[in-house]
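**Student:** Below is the file query.tsv, with TSV, C-alpha atoms.
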```tsv
chain	number	residue	atom	x	y	z
A	1	MET	CA	-20.97	-15.43	-19.09
A	2	LYS	CA	-18.54	-14.90	-16.22
A	3	LYS	CA	-15.39	-12.85	-16.75
A	4	GLN	CA	-12.20	-14.87	-16.34
A	5	LEU	CA	-9.61	-12.82	-14.41
A	6	LEU	CA	-6.06	-13.52	-13.28
A	7	PHE	CA	-4.08	-11.50	-10.74
A	8	VAL	CA	-0.36	-12.20	-10.25
A	9	ILE	CA	1.50	-10.70	-7.30
A	10	THR	CA	4.89	-11.29	-5.67
A	11	GLN	CA	3.62	-11.65	-2.09
A	12	PHE	CA	0.45	-10.90	-0.17
A	13	TYR	CA	1.42	-9.42	3.16
A	14	GLN	CA	-0.38	-6.52	4.82
A	15	GLY	CA	0.39	-3.32	2.97
A	16	GLY	CA	-1.63	-0.60	1.28
A	17	ALA	CA	-1.54	-2.05	-2.24
A	18	GLU	CA	-2.28	-5.54	-0.97
A	19	ARG	CA	-5.19	-4.37	1.22
A	20	ALA	CA	-6.63	-2.53	-1.78
A	21	LEU	CA	-6.57	-5.73	-3.83
A	22	LEU	CA	-8.16	-7.70	-1.00
A	23	ASN	CA	-10.89	-5.05	-0.80
A	24	LEU	CA	-11.51	-5.41	-4.54
A	25	PHE	CA	-11.86	-9.18	-4.17
A	26	ARG	CA	-14.43	-8.67	-1.42
A	27	LEU	CA	-16.49	-6.32	-3.56
A	28	LEU	CA	-16.62	-8.59	-6.62
A	29	SER	CA	-19.22	-11.30	-7.01
A	30	PRO	CA	-18.67	-15.01	-7.78
A	31	GLU	CA	-21.82	-14.74	-9.90
A	32	GLU	CA	-19.97	-12.40	-12.29
A	33	PHE	CA	-16.35	-13.51	-12.09
A	34	ASP	CA	-14.03	-16.48	-12.04
A	35	ILE	CA	-10.78	-15.30	-10.45
A	36	ASP	CA	-7.40	-16.99	-10.27
A	37	PHE	CA	-4.89	-15.44	-7.87
A	38	LEU	CA	-1.23	-16.40	-8.20
A	39	ILE	CA	1.03	-15.45	-5.28
A	40	PHE	CA	4.37	-15.79	-6.92
A	41	ASP	CA	7.10	-15.59	-4.33
A	42	GLN	CA	5.86	-15.25	-0.73
A	43	ILE	CA	8.35	-16.34	1.90
A	44	PRO	CA	7.85	-16.62	5.68
A	45	LEU	CA	8.44	-13.31	7.48
A	46	LYS	CA	8.29	-12.87	11.25
A	47	ASN	CA	7.31	-9.21	11.20
A	48	ALA	CA	4.51	-9.33	8.66
A	49	VAL	CA	0.85	-10.35	8.56
A	50	SER	CA	-0.20	-12.51	5.63
A	51	LEU	CA	-3.50	-11.59	4.01
A	52	ILE	CA	-3.90	-15.01	2.38
A	53	PRO	CA	-6.32	-16.32	5.05
A	54	GLN	CA	-8.64	-13.37	4.33
A	55	ILE	CA	-9.04	-14.07	0.60
A	56	PRO	CA	-12.69	-14.94	-0.24
A	57	SER	CA	-13.09	-18.70	-0.48
A	58	TRP	CA	-14.47	-18.65	-4.03
A	59	ILE	CA	-11.22	-17.28	-5.46
A	60	ARG	CA	-8.76	-19.95	-6.64
A	61	VAL	CA	-5.39	-19.28	-5.00
A	62	CYS	CA	-1.97	-20.62	-5.92
A	63	HIS	CA	0.65	-19.94	-3.25
A	64	ALA	CA	3.52	-21.07	-5.45
A	65	ALA	CA	6.22	-21.14	-2.76
A	66	GLU	CA	4.09	-22.57	0.05
A	67	GLU	CA	5.53	-26.08	0.05
A	68	GLU	CA	9.16	-24.95	-0.05
A	69	GLY	CA	9.38	-23.84	3.59
A	70	LYS	CA	12.78	-22.37	4.46
A	71	TRP	CA	14.10	-23.21	0.99
A	72	ALA	CA	11.82	-20.51	-0.41
A	73	ILE	CA	14.12	-17.83	1.01
A	74	LEU	CA	17.15	-19.25	-0.78
A	75	ARG	CA	15.23	-19.59	-4.02
A	76	LYS	CA	14.02	-16.00	-3.78
A	77	ILE	CA	17.60	-14.78	-3.31
A	78	GLY	CA	18.61	-16.83	-6.31
A	79	PHE	CA	15.75	-15.47	-8.39
A	80	LYS	CA	16.75	-11.88	-7.56
A	81	GLY	CA	20.36	-12.58	-8.42
A	82	TRP	CA	19.39	-14.08	-11.76
A	83	GLN	CA	17.20	-11.08	-12.57
A	84	MET	CA	20.01	-8.65	-11.72
A	85	LEU	CA	22.42	-10.56	-13.98
A	86	THR	CA	20.14	-11.22	-16.93
A	87	GLY	CA	17.15	-8.89	-16.61
A	88	HIS	CA	14.86	-11.91	-16.82
A	89	GLN	CA	12.57	-13.58	-14.32
A	90	CYS	CA	12.70	-17.10	-12.91
A	91	TYR	CA	9.43	-18.75	-11.96
A	92	ARG	CA	8.38	-21.91	-10.25
A	93	LYS	CA	6.91	-24.86	-12.09
A	94	LYS	CA	3.84	-24.70	-9.83
A	95	ALA	CA	3.13	-21.13	-10.99
A	96	TYR	CA	3.33	-22.12	-14.64
A	97	GLN	CA	1.12	-25.17	-14.12
A	98	PHE	CA	-1.52	-22.99	-12.42
A	99	VAL	CA	-2.09	-20.89	-15.55
A	100	GLN	CA	-1.22	-23.47	-18.21
A	101	LYS	CA	-3.91	-24.09	-20.84
A	102	LYS	CA	-6.18	-21.41	-19.34
A	103	GLN	CA	-7.59	-18.45	-21.25
A	104	TYR	CA	-8.38	-15.25	-19.36
A	105	ASP	CA	-10.32	-12.17	-20.34
A	106	LEU	CA	-7.96	-9.97	-18.31
A	107	ALA	CA	-4.64	-10.77	-16.63
A	108	PHE	CA	-3.08	-8.31	-14.18
A	109	SER	CA	0.58	-8.14	-13.24
A	110	TYR	CA	-0.07	-6.50	-9.88
A	111	GLY	CA	2.52	-4.09	-8.53
A	112	GLU	CA	5.52	-2.35	-10.08
A	113	TRP	CA	7.75	-4.53	-7.87
A	114	MET	CA	6.47	-7.56	-9.83
A	115	SER	CA	8.28	-8.25	-13.09
A	116	PRO	CA	5.69	-8.31	-15.88
A	117	GLU	CA	7.59	-11.07	-17.69
A	118	PHE	CA	5.56	-14.00	-16.32
A	119	VAL	CA	2.19	-12.61	-17.40
A	120	ALA	CA	3.68	-11.45	-20.70
A	121	LYS	CA	5.21	-14.82	-21.63
A	122	ARG	CA	3.29	-17.51	-19.78
A	123	VAL	CA	-0.30	-16.31	-19.63
A	124	LEU	CA	-2.97	-16.41	-22.33
A	125	ALA	CA	-5.29	-13.44	-22.02
A	126	LYS	CA	-7.31	-11.16	-24.27
A	127	LYS	CA	-5.91	-8.17	-22.40
A	128	LYS	CA	-2.87	-7.89	-20.13
A	129	LEU	CA	-2.41	-4.99	-17.71
A	130	ILE	CA	0.18	-3.74	-15.22
A	131	TRP	CA	-1.23	-2.27	-11.99
A	132	ILE	CA	1.14	0.34	-10.54
A	133	HIS	CA	1.04	1.68	-6.95
A	134	THR	CA	3.92	4.12	-6.73
A	135	ASP	CA	5.18	7.33	-8.30
A	136	LEU	CA	7.27	5.92	-11.14
A	137	ASP	CA	9.11	9.20	-11.62
A	138	GLN	CA	10.48	9.11	-8.05
A	139	ALA	CA	10.86	5.45	-7.07
A	140	ALA	CA	14.56	4.59	-7.24
A	141	PHE	CA	13.90	0.84	-7.33
A	142	ILE	CA	12.12	1.01	-10.70
A	143	LYS	CA	14.02	-0.77	-13.50
A	144	GLU	CA	12.70	0.71	-16.72
A	145	LYS	CA	13.94	-2.13	-18.93
A	146	ILE	CA	12.13	-4.66	-16.76
A	147	LEU	CA	8.88	-2.78	-16.11
A	148	PHE	CA	8.43	-1.70	-19.75
A	149	GLY	CA	10.32	-4.57	-21.33
A	150	PHE	CA	7.12	-6.20	-22.60
A	151	ASP	CA	5.17	-3.08	-23.48
A	152	GLU	CA	4.02	-4.48	-26.82
A	153	VAL	CA	1.89	-7.18	-25.15
A	154	TYR	CA	0.36	-5.00	-22.43
A	155	TYR	CA	-2.92	-3.27	-23.17
A	156	ASN	CA	-2.83	-0.78	-20.32
A	157	TYR	CA	-0.99	0.58	-17.29
A	158	ILE	CA	-3.26	1.20	-14.29
A	159	PHE	CA	-2.37	3.92	-11.80
A	160	VAL	CA	-4.04	4.68	-8.47
A	161	SER	CA	-3.97	8.48	-8.73
A	162	GLU	CA	-4.31	10.93	-11.59
A	163	GLN	CA	-1.22	12.95	-10.65
A	164	SER	CA	0.87	9.80	-10.50
A	165	ARG	CA	-0.39	8.79	-13.95
A	166	ARG	CA	0.42	12.18	-15.47
A	167	ARG	CA	3.89	12.30	-13.95
A	168	ALA	CA	4.63	8.79	-15.17
A	169	GLU	CA	3.56	9.72	-18.71
A	170	ALA	CA	5.85	12.76	-18.61
A	171	ARG	CA	8.81	10.63	-17.48
A	172	PHE	CA	8.05	7.61	-19.68
A	173	PRO	CA	6.41	8.82	-22.91
A	174	LEU	CA	5.97	5.28	-24.25
A	175	ILE	CA	2.95	4.78	-21.95
A	176	LYS	CA	1.06	7.81	-23.28
A	177	GLY	CA	-2.35	6.67	-24.46
A	178	LYS	CA	-2.00	3.41	-22.53
A	179	SER	CA	-2.59	4.61	-18.97
A	180	MET	CA	-5.68	4.89	-16.81
A	181	VAL	CA	-6.66	5.38	-13.15
A	182	ILE	CA	-8.45	3.03	-10.75
A	183	HIS	CA	-8.36	4.41	-7.22
A	184	ASN	CA	-7.65	2.05	-4.35
A	185	LEU	CA	-10.74	0.49	-2.81
A	186	CYS	CA	-11.80	0.15	0.82
A	187	ASP	CA	-14.14	-2.32	2.48
A	188	GLU	CA	-15.81	0.48	4.39
A	189	GLU	CA	-18.16	-1.54	6.57
A	190	ALA	CA	-15.37	-3.92	7.61
A	191	ILE	CA	-13.08	-1.02	8.54
A	192	ARG	CA	-15.69	0.73	10.67
A	193	ARG	CA	-16.64	-2.56	12.31
A	194	ALA	CA	-13.01	-3.42	13.10
A	195	ALA	CA	-12.46	0.06	14.57
A	196	LYS	CA	-15.02	-0.65	17.28
A	197	VAL	CA	-12.80	-3.29	18.91
A	198	SER	CA	-11.40	-2.00	22.19
A	199	VAL	CA	-7.63	-1.55	22.64
A	200	LYS	CA	-6.25	-1.01	26.13
A	201	GLU	CA	-2.48	-1.21	25.67
A	202	LEU	CA	-2.20	2.51	24.88
A	203	GLN	CA	-3.92	3.81	27.97
A	204	SER	CA	-0.73	4.27	30.01
A	205	TYR	CA	0.69	6.75	27.48
A	206	PRO	CA	-0.12	10.48	27.68
A	207	LYS	CA	-2.37	12.10	25.11
A	208	PRO	CA	-2.71	13.51	22.53
A	209	TRP	CA	-1.97	10.46	20.37
A	210	LEU	CA	-0.44	10.62	16.90
A	211	PHE	CA	-0.36	7.59	14.61
A	212	SER	CA	1.71	6.62	11.59
A	213	VAL	CA	0.56	3.50	9.78
A	214	GLY	CA	2.97	2.06	7.23
A	215	ASN	CA	5.67	-0.55	6.87
A	216	LEU	CA	9.24	0.56	7.54
A	217	ARG	CA	10.34	1.26	3.97
A	218	GLU	CA	12.62	3.89	2.46
A	219	GLU	CA	9.88	6.08	1.02
A	220	LYS	CA	8.07	6.28	4.38
A	221	ASN	CA	11.13	8.04	5.88
A	222	TYR	CA	10.68	6.97	9.48
A	223	PRO	CA	14.04	8.49	10.51
A	224	ARG	CA	12.61	11.92	9.66
A	225	GLN	CA	9.55	11.14	11.77
A	226	VAL	CA	11.83	10.46	14.75
A	227	GLU	CA	13.52	13.82	14.11
A	228	VAL	CA	10.11	15.51	14.18
A	229	MET	CA	9.33	13.87	17.53
A	230	ARG	CA	12.69	15.07	18.87
A	231	ILE	CA	11.79	18.64	17.90
A	232	LEU	CA	8.35	18.37	19.50
A	233	LYS	CA	9.90	17.04	22.71
A	234	GLU	CA	12.45	19.87	22.82
A	235	ARG	CA	9.64	22.39	22.38
A	236	GLY	CA	7.72	20.83	25.25
A	237	VAL	CA	4.78	19.73	23.08
A	238	PRO	CA	2.98	16.92	24.95
A	239	CYS	CA	2.08	13.97	22.71
A	240	THR	CA	2.79	10.29	22.10
A	241	TRP	CA	3.54	9.01	18.61
A	242	PHE	CA	2.66	5.39	17.74
A	243	CYS	CA	3.85	3.62	14.58
A	244	ILE	CA	2.06	0.58	13.18
A	245	GLY	CA	3.71	-1.41	10.40
A	246	SER	CA	6.07	-4.20	9.51
A	247	ARG	CA	9.62	-3.98	10.84
A	248	ALA	CA	10.89	-6.66	8.45
A	249	ASN	CA	13.44	-4.28	6.89
A	250	ARG	CA	16.13	-4.78	9.51
A	251	PHE	CA	18.42	-2.02	8.24
A	252	ILE	CA	15.76	0.70	8.50
A	253	ASP	CA	14.40	-0.75	11.73
A	254	GLN	CA	17.80	-0.60	13.43
A	255	LYS	CA	18.42	2.92	12.17
A	256	VAL	CA	15.09	4.09	13.62
A	257	VAL	CA	15.66	2.27	16.93
A	258	ASN	CA	19.11	3.86	17.26
A	259	LEU	CA	17.64	7.34	16.73
A	260	ILE	CA	14.88	6.72	19.28
A	261	GLN	CA	17.46	5.69	21.85
A	262	ALA	CA	19.84	8.55	21.01
A	263	TYR	CA	17.07	11.11	21.55
A	264	GLN	CA	15.62	9.28	24.57
A	265	LEU	CA	12.22	8.95	22.95
A	266	GLU	CA	11.47	5.40	24.11
A	267	LYS	CA	8.28	6.56	25.86
A	268	ARG	CA	7.33	9.13	23.22
A	269	PHE	CA	7.87	7.38	19.87
A	270	LEU	CA	6.78	3.75	19.89
A	271	LEU	CA	7.14	1.09	17.19
A	272	LEU	CA	4.17	-1.22	17.66
A	273	GLY	CA	4.97	-3.49	14.71
A	274	VAL	CA	2.24	-5.01	12.57
A	275	LYS	CA	-1.29	-5.29	13.89
A	276	LYS	CA	-3.94	-7.55	12.42
A	277	ASN	CA	-6.48	-4.85	13.23
A	278	PRO	CA	-4.80	-1.43	12.87
A	279	TYR	CA	-8.19	0.30	12.73
A	280	SER	CA	-8.92	-0.16	16.43
A	281	TYR	CA	-5.73	1.82	17.07
A	282	MET	CA	-6.30	4.45	14.37
A	283	LYS	CA	-9.78	5.20	15.68
A	284	GLN	CA	-8.22	6.53	18.91
A	285	ALA	CA	-5.83	8.90	17.14
A	286	ASP	CA	-5.98	12.66	17.46
A	287	ALA	CA	-4.36	12.73	14.04
A	288	VAL	CA	-2.99	10.22	11.54
A	289	LEU	CA	0.36	11.25	10.05
A	290	VAL	CA	1.24	10.24	6.49
A	291	LEU	CA	4.71	11.69	5.93
A	292	SER	CA	6.12	9.77	2.97
A	293	ASP	CA	8.69	11.18	0.56
A	294	PHE	CA	6.50	9.98	-2.31
A	295	GLU	CA	3.29	7.99	-2.52
A	296	SER	CA	0.89	7.45	-5.38
A	297	TRP	CA	-2.23	6.87	-3.26
A	298	SER	CA	-2.14	6.32	0.47
A	299	LEU	CA	-4.82	3.86	1.50
A	300	VAL	CA	-4.13	4.95	5.09
A	301	ILE	CA	-5.45	8.43	4.26
A	302	THR	CA	-8.65	6.94	2.89
A	303	GLU	CA	-9.03	4.67	5.92
A	304	ALA	CA	-8.42	7.50	8.38
A	305	LYS	CA	-11.05	9.64	6.64
A	306	LEU	CA	-13.52	6.76	6.79
A	307	LEU	CA	-12.94	6.67	10.57
A	308	GLY	CA	-13.37	10.44	10.87
A	309	ILE	CA	-9.71	11.08	11.79
A	310	PRO	CA	-7.97	14.16	10.29
A	311	VAL	CA	-4.71	13.50	8.45
A	312	ILE	CA	-1.50	15.53	8.44
A	313	ALA	CA	0.38	14.68	5.25
A	314	THR	CA	3.31	15.62	3.08
A	315	PRO	CA	2.21	16.84	-0.38
A	316	THR	CA	2.68	13.59	-2.28
A	317	SER	CA	0.78	13.02	-5.52
A	318	GLY	CA	-1.92	10.89	-3.90
A	319	ALA	CA	-2.31	13.08	-0.81
A	320	LYS	CA	-3.03	16.11	-2.99
A	321	GLU	CA	-6.03	14.25	-4.43
A	322	GLN	CA	-7.31	13.03	-1.08
A	323	ILE	CA	-7.03	15.97	1.33
A	324	GLU	CA	-8.67	19.38	1.32
A	325	GLU	CA	-6.42	21.73	3.27
A	326	GLY	CA	-8.05	22.77	6.52
A	327	LYS	CA	-11.24	20.83	5.76
A	328	THR	CA	-10.32	17.14	5.92
A	329	GLY	CA	-6.68	17.43	6.94
A	330	ARG	CA	-3.51	19.48	6.88
A	331	PHE	CA	-0.57	19.60	4.50
A	332	THR	CA	2.97	20.09	5.66
A	333	SER	CA	6.34	20.19	3.94
A	334	PHE	CA	9.05	17.53	3.72
A	335	GLN	CA	11.23	19.36	6.28
A	336	ALA	CA	11.31	18.10	9.88
A	337	GLU	CA	11.06	21.59	11.44
A	338	GLU	CA	8.05	22.53	9.33
A	339	ILE	CA	6.34	19.19	9.99
A	340	ALA	CA	6.78	19.86	13.71
A	341	ASP	CA	5.32	23.35	13.21
A	342	THR	CA	2.22	21.92	11.53
A	343	ILE	CA	1.68	19.27	14.21
A	344	GLN	CA	2.18	21.80	17.02
A	345	ASP	CA	-0.31	24.22	15.44
A	346	TYR	CA	-2.83	21.43	14.87
A	347	LEU	CA	-2.65	20.25	18.48
A	348	ALA	CA	-2.96	23.82	19.75
A	349	HIS	CA	-6.33	24.30	18.00
A	350	PRO	CA	-8.68	21.42	18.91
A	351	GLU	CA	-11.63	23.35	17.49
A	352	LYS	CA	-10.14	22.94	13.99
A	353	LYS	CA	-9.83	19.21	14.53
A	354	GLU	CA	-13.51	19.06	15.52
A	355	GLU	CA	-14.47	20.98	12.38
A	356	MET	CA	-12.53	18.53	10.21
A	357	GLN	CA	-14.21	15.60	11.92
A	358	ARG	CA	-17.62	17.10	11.12
A	359	ASN	CA	-16.57	17.49	7.49
A	360	LEU	CA	-15.61	13.81	7.35
A	361	LYS	CA	-19.01	12.51	8.44
A	362	GLY	CA	-20.54	10.34	5.74
A	363	PHE	CA	-17.29	10.10	3.77
A	364	SER	CA	-17.25	7.21	1.27
A	365	VAL	CA	-15.15	6.11	-1.72
A	366	ARG	CA	-16.67	2.74	-2.55
A	367	GLN	CA	-18.66	3.75	-5.61
A	368	GLU	CA	-15.82	5.61	-7.29
A	369	GLY	CA	-13.25	2.81	-7.27
A	370	ILE	CA	-15.58	-0.05	-8.15
A	371	SER	CA	-17.14	1.99	-10.97
A	372	GLU	CA	-13.69	2.61	-12.45
A	373	PHE	CA	-12.96	-1.10	-12.37
A	374	TYR	CA	-16.20	-1.98	-14.12
A	375	ARG	CA	-15.53	0.64	-16.80
A	376	LEU	CA	-12.27	-1.16	-17.54
A	377	LEU	CA	-14.18	-4.41	-18.01
A	378	GLN	CA	-16.62	-2.78	-20.42
A	379	GLU	CA	-13.94	-1.39	-22.74
```
Can the structure from this file be put into structure tokens for me?

**Tutor:**
Amino acid sequence: MKKQLLFVITQFYQGGAERALLNLFRLLSPEEFDIDFLIFDQIPLKNAVSLIPQIPSWIRVCHAAEEEGKWAILRKIGFKGWQMLTGHQCYRKKAYQFVQKKQYDLAFSYGEWMSPEFVAKRVLAKKKLIWIHTDLDQAAFIKEKILFGFDEVYYNYIFVSEQSRRRAEARFPLIKGKSMVIHNLCDEEAIRRAAKVSVKELQSYPKPWLFSVGNLREEKNYPRQVEVMRILKERGVPCTWFCIGSRANRFIDQKVVNLIQAYQLEKRFLLLGVKKNPYSYMKQADAVLVLSDFESWSLVITEAKLLGIPVIATPTSGAKEQIEEGKTGRFTSFQAEEIADTIQDYLAHPEKKEEMQRNLKGFSVRQEGISEFYRLLQE
């Protein structure tokens, strides 16, 4: 008998957590599963790429706000205001109708940014789970009363790295004994195939090429990345730094643009915005830079390793589990000067880069993540 699964998410734009879920969908079989996917509150955004068109056709999708058009933005603002005032979640009638009178084996409230109230109150399921993609002990946006407000009805909390799980248990003891790890998944063949597509727009910029891939959000700390580029320029280190990711956060975007202009880095530090195929760009990188303040599991690190590109990363919880120092990448600190030191040293020793690339040949993570998911189903 097929397993009946429900996934509920706020929106489904291109981001690490969302790509990981899409990859999971692609690796599951319609012969084994019936899947409902409820996209709760997606509004039109100019600087973002929706992943909805890429969802496998056999999965039943409810885009609850789709028919609202521009009104969806006003409703979302209203929903957030109501949640801030009351601590409770509003939800659209279409979302409720999608799950009404259905019984699921497992229902996932996907993402710590998604209030678990809807799945807790409006969904019938044998087991309900919250799938978390950040370091709960460091993320300032986490509202403990909301995230854990329905703990009694949730069977498990899923984390995407072991360190993140342990740190969350230390900070929030109520989840001890109710947490587990399922690492983010990659569609490895699709990534390698996409990376083969030629990109010519970079050719006018001097090498070596550094790439950051991530939406402009607080924890990615793009202003610090601009500071690092300023230091490299002042030291006379030749390189061009490209950034791929959504610029929908206007406050951060303007702050970064102002810094680029102030340091006259317009030709050295480039914001490329979102790209439907970031892998064709990443494949050309001399190094991929993942310099977040905190991150539970960077899918970008996994993707770079699949493409044979060494990563320079800050020592976040997920990075510590993904990188072997000097073998598959380099660690640096959270300080701009020391990040610049690491990049400069890396670029000065191309033989070390070549050794790392040899170590990355044959890298794969598919079996690990999908096995963890199936173990959950067997419990």

**Student:** Using only C-alpha atoms, pick whichever of A:Lys361, A:Lys176, A:Lys145, A:Lys283 has the shortest atom-to-atom distance to Arg193 of chain A.

**Tutor:**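 Closest candidate: A:Lys283.
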
**Student:** To one decimal place in Å, what is the distance between atom CA of Asp137 of chain A and atom CA of Ala107 of chain A?

**Tutor:**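 Separating atom CA of Asp137 of chain A from atom CA of Ala107 of chain A is a distance of 24.8 Å.
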
**Student:** Taking 6 positions as the minimum chain separation for residues in the same chain, which residues sit within 7 Å of segment 57-72 of chain A when counting only C-alpha atoms? Answer as a tab-separated table (two decimals) with C-alpha atoms, in the frame of the given file.

**Tutor:**
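Result written to part_6.tsv:
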```
chain	number	residue	atom	x	y	z
A	30	PRO	CA	-18.67	-15.01	-7.78
A	35	ILE	CA	-10.78	-15.30	-10.45
A	36	ASP	CA	-7.40	-16.99	-10.27
A	37	PHE	CA	-4.89	-15.44	-7.87
A	38	LEU	CA	-1.23	-16.40	-8.20
A	39	ILE	CA	1.03	-15.45	-5.28
A	40	PHE	CA	4.37	-15.79	-6.92
A	41	ASP	CA	7.10	-15.59	-4.33
A	42	GLN	CA	5.86	-15.25	-0.73
A	43	ILE	CA	8.35	-16.34	1.90
A	92	ARG	CA	8.38	-21.91	-10.25
A	94	LYS	CA	3.84	-24.70	-9.83
A	95	ALA	CA	3.13	-21.13	-10.99
A	98	PHE	CA	-1.52	-22.99	-12.42
```

**Student:** For the atom pair atom CA of Trp209 of chain A and atom CA of Thr332 of chain A, what is the interatomic distance in Å to one decimal place?

**Tutor:**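 Computed distance, atom CA of Trp209 of chain A to atom CA of Thr332 of chain A, equals 18.3 Å.
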
**Student:** Pull the neighbourhood of (3.6, 1.9, 8.7) for me: all residues within 9 Å in file coordinates, counting all atoms listed in the file, as a PyMOL selection string.

**Tutor:** chain A and resi 15+212-217+220+222+243-247+273-274+290

**Student:** Taking 4 positions as the minimum chain separation for residues in the same chain, which residues sit within 8 Å of Glu321 of chain A when counting only C-alpha atoms? Answer as a PyMOL selection string.

**Tutor:** chain A and resi 161+163+317

**Student:** Between A:Val160, A:Val237, A:Ala304, A:Val256, which has the minimum distance to Arg224 of chain A (counting all atoms listed in the file)?

**Tutor:**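 Closest to Arg224 of chain A of all the choices is A:Val256.
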
**Student:** Go through A:Val181, A:Asp135, A:Leu6, A:Asp105 one by one, measure the shortest atom-to-atom distance of each to Gln378 of chain A using only C-alpha atoms, and give the residue with the smallest value.

**Tutor:**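 Closest residue, counting only C-alpha atoms: A:Asp105.
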
**Student:** I'd like the neighbourhood of Ser280 of chain A as a list in words, where a residue qualifies if any of its atoms comes within 8 Å (using all atoms listed in the file), though same-chain residues fewer than 3 positions away should be ignored.

**Tutor:**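 Contacts, in chain order: Ala194, Ala195, Lys196, Val197, Ser198, Val199, Asn277, Lys283 and Gln284 of chain A.
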
**Student:** Write out as a list of chain:residue names which residues come within 9 Å of Ala125 of chain A when counting all atoms listed in the file, dropping same-chain ones fewer than 2 positions away.

**Tutor:**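 Counting only the stated atoms, we get A:Leu5, A:Leu6, A:Lys102, A:Gln103, A:Tyr104, A:Asp105, A:Leu106, A:Ala107, A:Val119, A:Val123, A:Lys127, A:Lys128.
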
**Student:** One decimal, Å: what's the distance from atom CA of Glu218 of chain A over to atom CA of Ser292 of chain A, could you say?

**Tutor:**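 The value is 8.8 Å.
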
**Student:** Please list as a list in words every residue within 10 Å of Gln344 of chain A, counting all atoms listed in the file and excluding residues in the same chain fewer than 6 positions away.

**Tutor:**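 Counting only the stated atoms, we get Leu232, Arg235, Gly236, Val237, Pro238, Cys239 and Glu338 of chain A.
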
**Student:** If the box runs along x, y and z of the file and leaves 4 Å on each side of segment 353-359 of chain A, what are its centre and edge lengths in Å, one decimal, as JSON?

**Tutor:**
```
{"center_x": -13.7, "center_y": 18.3, "center_z": 11.5, "size_x": 15.8, "size_y": 13.4, "size_z": 16.0}
```

**Student:** How would you write as a ChimeraX atom specification the residues that get within 12 Å of (7.7, 17.0, 22.6) in the file's frame, counting all atoms listed in the file?

**Tutor:** /A:206-210,226-241,263-265,267-269,340-341,343-344,347

**Student:** May I ask which of the residues A:Arg26, A:Arg167, A:Lys276, A:His349 is the closest one to Ile370 of chain A, counting all atoms listed in the file?

**Tutor:**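 Closest candidate: A:Arg26.
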
**Student:** Let me make sure I understand: among A:Thr342, A:Ser296, A:Asn258, A:Gln357, which one has the smallest atom-to-atom distance to Ile182 of chain A if we use all atoms listed in the file?

**Tutor:**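 Looking only at the distances to Ile182 of chain A, the closest residue turns out to be A:Ser296.
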
**Student:** Considering all atoms listed in the file, can you say which of A:Ile142, A:Trp297, A:Lys305, A:Lys353 comes closest to Met282 of chain A?

**Tutor:**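 Among A:Ile142, A:Trp297, A:Lys305, A:Lys353, it is A:Lys305 that comes nearest to Met282 of chain A.
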